[in-house]
file start_39.csv (CSV, C-alpha atoms and all ligand atoms)
chain,number,residue,atom,x,y,z
O,1,MET,CA,203.6,4.8,101.0
O,2,ARG,CA,205.4,6.6,98.2
O,3,ALA,CA,204.0,9.6,96.3
O,4,ALA,CA,202.8,7.6,93.3
O,5,GLU,CA,200.9,5.2,95.5
O,6,ILE,CA,199.3,8.0,97.4
O,7,ALA,CA,198.3,9.7,94.1
O,8,ASP,CA,196.6,6.4,93.0
O,9,GLN,CA,194.3,6.6,96.1
O,10,LEU,CA,193.1,10.1,95.3
O,11,SER,CA,190.8,11.2,92.5
O,12,ASN,CA,191.4,14.9,92.3
O,13,VAL,CA,192.4,17.9,94.4
O,14,LEU,CA,189.3,19.8,95.5
O,15,VAL,CA,190.8,22.8,97.4
O,16,THR,CA,194.5,23.8,97.3
O,17,GLU,CA,196.5,25.0,100.2
O,18,GLU,CA,196.7,28.4,98.6
O,19,GLN,CA,192.9,28.6,98.3
O,20,ILE,CA,192.6,27.6,102.0
O,21,ALA,CA,195.1,30.2,103.1
O,22,GLU,CA,193.3,32.9,101.2
O,23,ARG,CA,189.9,31.9,102.5
O,24,LEU,CA,191.1,31.7,106.1
O,25,GLU,CA,192.5,35.2,105.8
O,26,GLU,CA,189.1,36.4,104.8
O,27,LEU,CA,187.3,34.6,107.6
O,28,ALA,CA,189.9,35.9,110.1
O,29,ALA,CA,189.1,39.5,109.1
O,30,GLU,CA,185.4,38.8,109.6
O,31,VAL,CA,186.0,37.2,113.0
O,32,VAL,CA,188.2,40.1,114.2
O,33,THR,CA,185.4,42.5,113.4
O,34,ASP,CA,182.7,40.4,114.8
O,35,TYR,CA,184.5,39.8,118.1
O,36,GLU,CA,185.9,43.3,118.7
O,37,GLY,CA,186.0,44.1,122.4
O,38,LYS,CA,185.2,40.5,123.4
O,39,ASP,CA,187.4,37.7,124.7
O,40,LEU,CA,187.4,34.9,122.3
O,41,LEU,CA,187.9,31.2,123.0
O,42,LEU,CA,188.6,29.0,120.0
O,43,VAL,CA,187.6,25.3,120.5
O,44,GLY,CA,189.2,22.9,118.0
O,45,VAL,CA,187.6,19.5,117.4
O,46,LEU,CA,190.4,16.9,117.4
O,47,LYS,CA,191.9,15.6,115.3
O,48,GLY,CA,190.6,16.8,112.0
O,49,ALA,CA,190.6,20.5,112.9
O,50,VAL,CA,194.3,20.7,113.9
O,51,MET,CA,195.5,22.2,110.6
O,52,VAL,CA,192.7,24.7,110.2
O,53,MET,CA,193.1,25.7,113.9
O,54,ALA,CA,196.8,26.2,113.5
O,55,ASP,CA,196.5,28.3,110.4
O,56,PHE,CA,193.4,30.2,111.2
O,57,ALA,CA,194.5,31.1,114.8
O,58,ARG,CA,197.8,32.5,113.4
O,59,LYS,CA,195.9,34.8,111.0
O,60,LEU,CA,194.1,36.5,113.9
O,61,PRO,CA,196.0,39.7,114.8
O,62,ARG,CA,194.6,39.6,118.3
O,63,ASP,CA,194.7,37.7,121.5
O,64,ILE,CA,192.6,34.5,121.8
O,65,THR,CA,192.6,31.4,124.0
O,66,MET,CA,192.5,27.9,122.6
O,67,ASP,CA,191.1,24.6,123.9
O,68,TRP,CA,190.5,21.2,122.3
O,69,MET,CA,187.8,18.6,122.4
O,70,ALA,CA,188.0,15.1,121.0
O,71,VAL,CA,184.8,13.4,119.9
O,72,SER,CA,184.2,10.4,117.7
O,73,SER,CA,181.3,9.6,115.5
O,74,TYR,CA,182.9,7.7,112.6
O,75,GLY,CA,185.2,4.9,113.6
O,76,ALA,CA,187.3,3.7,110.6
O,77,GLY,CA,184.6,4.0,107.9
O,78,THR,CA,183.3,6.9,105.9
O,79,LYS,CA,179.7,7.3,107.3
O,80,SER,CA,178.6,9.2,110.3
O,81,SER,CA,176.9,6.9,112.9
O,82,GLY,CA,175.3,9.8,114.8
O,83,VAL,CA,176.5,8.3,118.0
O,84,VAL,CA,178.9,10.8,119.5
O,85,GLN,CA,181.4,10.0,122.2
O,86,ILE,CA,183.5,12.4,124.2
O,87,ARG,CA,187.1,11.2,124.1
O,88,LYS,CA,188.7,14.3,125.6
O,89,ASP,CA,186.7,17.0,127.2
O,90,LEU,CA,187.6,20.7,127.4
O,91,ASP,CA,189.9,22.0,130.2
O,92,THR,CA,188.1,25.4,130.1
O,93,ASP,CA,184.9,26.4,132.0
O,94,LEU,CA,182.7,27.9,129.3
O,95,THR,CA,180.7,30.1,131.6
O,96,GLY,CA,180.4,33.6,130.1
O,97,LYS,CA,182.8,32.8,127.3
O,98,HIS,CA,182.5,33.7,123.6
O,99,VAL,CA,183.1,30.4,122.0
O,100,LEU,CA,184.0,29.8,118.4
O,101,ILE,CA,184.1,26.1,117.5
O,102,VAL,CA,186.7,25.3,114.8
O,103,GLU,CA,185.8,22.3,112.7
O,104,ASP,CA,187.3,20.6,109.6
O,105,ILE,CA,184.1,19.6,108.0
O,106,ILE,CA,180.3,19.6,108.4
O,107,ASP,CA,179.0,16.4,106.7
O,108,SER,CA,175.7,15.1,108.1
O,109,GLY,CA,175.9,17.8,110.8
O,110,LEU,CA,175.2,15.2,113.4
O,111,THR,CA,178.4,15.7,115.3
O,112,LEU,CA,178.1,19.5,115.5
O,113,SER,CA,174.5,19.5,116.4
O,114,TRP,CA,175.3,17.2,119.3
O,115,LEU,CA,178.3,19.4,120.3
O,116,LEU,CA,176.3,22.6,120.1
O,117,GLU,CA,173.6,21.1,122.4
O,118,ASN,CA,176.3,20.0,124.8
O,119,PHE,CA,178.0,23.4,124.8
O,120,ALA,CA,174.7,25.2,125.2
O,121,SER,CA,174.2,23.6,128.6
O,122,ARG,CA,177.6,25.0,129.9
O,123,GLY,CA,176.6,28.6,130.1
O,124,ALA,CA,178.7,30.2,127.3
O,125,ALA,CA,177.9,33.8,126.4
O,126,SER,CA,177.8,32.9,122.7
O,127,ILE,CA,178.6,29.9,120.6
O,128,GLU,CA,179.4,30.1,116.8
O,129,VAL,CA,180.9,27.7,114.4
O,130,LEU,CA,183.7,28.0,111.8
O,131,ALA,CA,184.0,25.0,109.4
O,132,LEU,CA,186.6,24.8,106.7
O,133,LEU,CA,184.4,22.6,104.6
O,134,ARG,CA,180.7,21.9,104.4
O,135,LYS,CA,178.8,19.3,102.3
O,136,PRO,CA,175.3,20.8,101.8
O,137,ASP,CA,174.0,17.7,100.0
O,138,ALA,CA,174.9,15.5,103.0
O,139,ALA,CA,173.1,17.5,105.7
O,140,LYS,CA,170.8,15.5,107.9
O,141,VAL,CA,170.4,18.3,110.4
O,142,GLU,CA,170.6,22.0,109.8
O,143,ILE,CA,173.6,23.6,111.4
O,144,ASP,CA,173.8,27.4,111.9
O,145,CYS,CA,177.5,27.8,110.8
O,146,ARG,CA,178.5,31.4,110.8
O,147,TYR,CA,181.9,31.0,109.0
O,148,VAL,CA,182.2,28.5,106.2
O,149,GLY,CA,185.4,28.0,104.1
O,150,PHE,CA,184.1,26.1,101.2
O,151,ASP,CA,180.9,24.3,100.2
O,152,ILE,CA,181.9,21.0,98.5
O,153,PRO,CA,180.2,18.1,96.8
O,154,ASN,CA,179.1,15.0,98.7
O,155,ASP,CA,182.4,13.0,98.2
O,156,PHE,CA,184.7,11.7,100.9
O,157,VAL,CA,187.6,14.0,101.2
O,158,VAL,CA,191.0,13.8,102.8
O,159,GLY,CA,194.0,16.0,103.5
O,160,TYR,CA,194.6,19.2,105.5
O,161,GLY,CA,193.8,17.4,108.7
O,162,LEU,CA,191.1,15.1,107.3
O,163,ASP,CA,191.8,11.4,107.3
O,164,PHE,CA,190.7,8.1,106.0
O,165,ASP,CA,191.5,5.5,108.7
O,166,GLU,CA,194.0,8.0,110.2
O,167,ARG,CA,195.9,8.4,106.9
O,168,PHE,CA,196.3,11.4,104.6
O,169,ARG,CA,196.0,14.0,107.4
O,170,ASN,CA,199.3,15.6,106.3
O,171,LEU,CA,198.4,16.2,102.7
O,172,ARG,CA,198.7,19.9,102.0
O,173,ASP,CA,195.6,20.1,99.8
O,174,VAL,CA,192.1,18.7,100.3
O,175,ALA,CA,191.5,15.9,97.8
O,176,VAL,CA,188.8,13.4,97.0
O,177,LEU,CA,189.5,9.9,98.1
O,178,ALA,CA,189.3,7.5,95.2
O,179,PRO,CA,186.2,5.2,95.7
O,180,HIS,CA,188.3,2.1,95.2
O,181,VAL,CA,190.0,2.8,98.5
O,182,TYR,CA,186.9,2.4,100.6
O,183,SER,CA,184.4,0.4,98.5
S,201,LIG,P1,179.2,14.7,110.5
S,201,LIG,O1,178.6,13.8,109.5
S,201,LIG,O2,178.7,14.3,111.9
S,201,LIG,O3,180.7,14.4,110.4
S,201,LIG,O4,178.9,16.1,110.2
S,201,LIG,C1,181.6,15.1,111.2
S,201,LIG,C2,182.9,14.5,111.3
S,201,LIG,O5,183.1,13.4,110.4
S,201,LIG,C3,184.3,13.4,109.7
S,201,LIG,N1,184.1,13.5,108.3
S,201,LIG,C4,185.0,13.3,107.3
S,201,LIG,N2,186.3,13.1,107.4
S,201,LIG,N3,186.5,13.1,105.1
S,201,LIG,C5,187.0,13.0,106.3
S,201,LIG,O6,188.2,12.7,106.3
S,201,LIG,C6,185.2,13.4,104.9
S,201,LIG,O7,184.7,13.6,103.8
S,201,LIG,C7,184.4,13.5,106.1
S,201,LIG,N4,183.1,13.8,106.3
S,201,LIG,C8,183.0,13.8,107.7
S,201,LIG,C9,185.0,14.6,110.3
S,201,LIG,O8,185.9,14.2,111.3
S,201,LIG,C10,183.9,15.5,110.8
S,201,LIG,O9,184.3,16.3,111.8
S,202,MG,MG,186.3,16.3,112.8
call {"tool": "encode", "arguments": {"input": "start_39.csv", "output": "structure tokens"}}
result
Amino acid sequence: MRAAEIADQLSNVLVTEEQIAERLEELAAEVVTDYEGKDLLLVGVLKGAVMVMADFARKLPRDITMDWMAVSSYGAGTKSSGVVQIRKDLDTDLTGKHVLIVEDIIDSGLTLSWLLENFASRGAASIEVLALLRKPDAAKVEIDCRYVGFDIPNDFVVGYGLDFDERFRNLRDVAVLAPHVYS
């Protein structure tokens, strides 16, 4: 697809790559303070969190470890099913670990609430969540998310790791997907 065709499928840019970089810098400073003297394990949720993990982790001027989990709750559509499936589990034993889950977006919250419950049974010393984006108006369950990049309206967004049917993940900004693409 060429640039003009991509632009036709997007309504507007919601968060620019510069805004993301600036916000991740602020969150990194908070995390450094909050986890001083503690080992920190970042757990990225594949595939959407790849970009935020790569950029956020490199803004931390300290040692961390990193692991990945792949879950699915969406399929090819734009609505959460609430049915979560583990596609790839962690390689790390969470016992005694300070875990920070790194997510692209909290929409209904169903995926994270399932993940938090799953992690709680693995004996971590602490579990917190960092999400680049959050849609407060879409929440079906309340998620205690300690680090939020941006609260956004209840539109389907793509870019910076977020996809529609596996496309648009490599857009540098976060943009709203034009409704004609999925309706
Ligand atoms: P829930 O509803 O369980 O959603 O909080 C979690 C996962 O669903 C995906 N998701 C989106 N992906 N644009 C996307 O590209 C969106 O607007 C969107 N909303 C939810 C995402 O993978 C997230 O982790
Ligand atoms: Mg995701």
call {"tool": "residues_near_ligand", "arguments": {"input": "start_39.csv", "ligand": "ligand MG 202 (chain S)", "cutoff": "8 Å", "atoms": "only C-alpha atoms and all ligand atoms", "output": "ChimeraX atom specification"}}
result
/O:45-49,71-72,103-105,162
call {"tool": "atom_distance", "arguments": {"input": "start_39.csv", "atom1": "atom CA of Pro153 of chain O", "atom2": "atom N2 of ligand LIG 201 (chain S)"}}
result
13.2 Å
call {"tool": "residues_near_ligand", "arguments": {"input": "start_39.csv", "ligand": "ligand LIG 201 (chain S)", "cutoff": "6 Å", "atoms": "only C-alpha atoms and all ligand atoms", "output": "MDAnalysis selection string"}}
result
chainID O and resid 48 80 104:111 156:158 162:164
call {"tool": "closest_residue", "arguments": {"input": "start_39.csv", "among": "O:Ala70, O:Ile101, O:Leu132, O:Leu10", "to": "Leu27 of chain O", "atoms": "all atoms listed in the file"}}
result
O:Leu132
call {"tool": "residues_around", "arguments": {"input": "start_39.csv", "residues": "Glu36 of chain O", "least_positions_apart": "5", "cutoff": "12 Å", "atoms": "only C-alpha atoms", "output": "tab-separated table (two decimals) with C-alpha atoms, in the frame of the given file"}}
result
chain	number	residue	atom	x	y	z
O	29	ALA	CA	189.10	39.50	109.10
O	30	GLU	CA	185.40	38.80	109.60
O	31	VAL	CA	186.00	37.20	113.00
O	60	LEU	CA	194.10	36.50	113.90
O	61	PRO	CA	196.00	39.70	114.80
O	62	ARG	CA	194.60	39.60	118.30
O	63	ASP	CA	194.70	37.70	121.50
O	64	ILE	CA	192.60	34.50	121.80
O	98	HIS	CA	182.50	33.70	123.60
call {"tool": "closest_residue", "arguments": {"input": "start_39.csv", "among": "O:Thr92, O:Val176, O:Val84, O:Gly159", "to": "Glu117 of chain O", "atoms": "only C-alpha atoms"}}
result
O:Val84
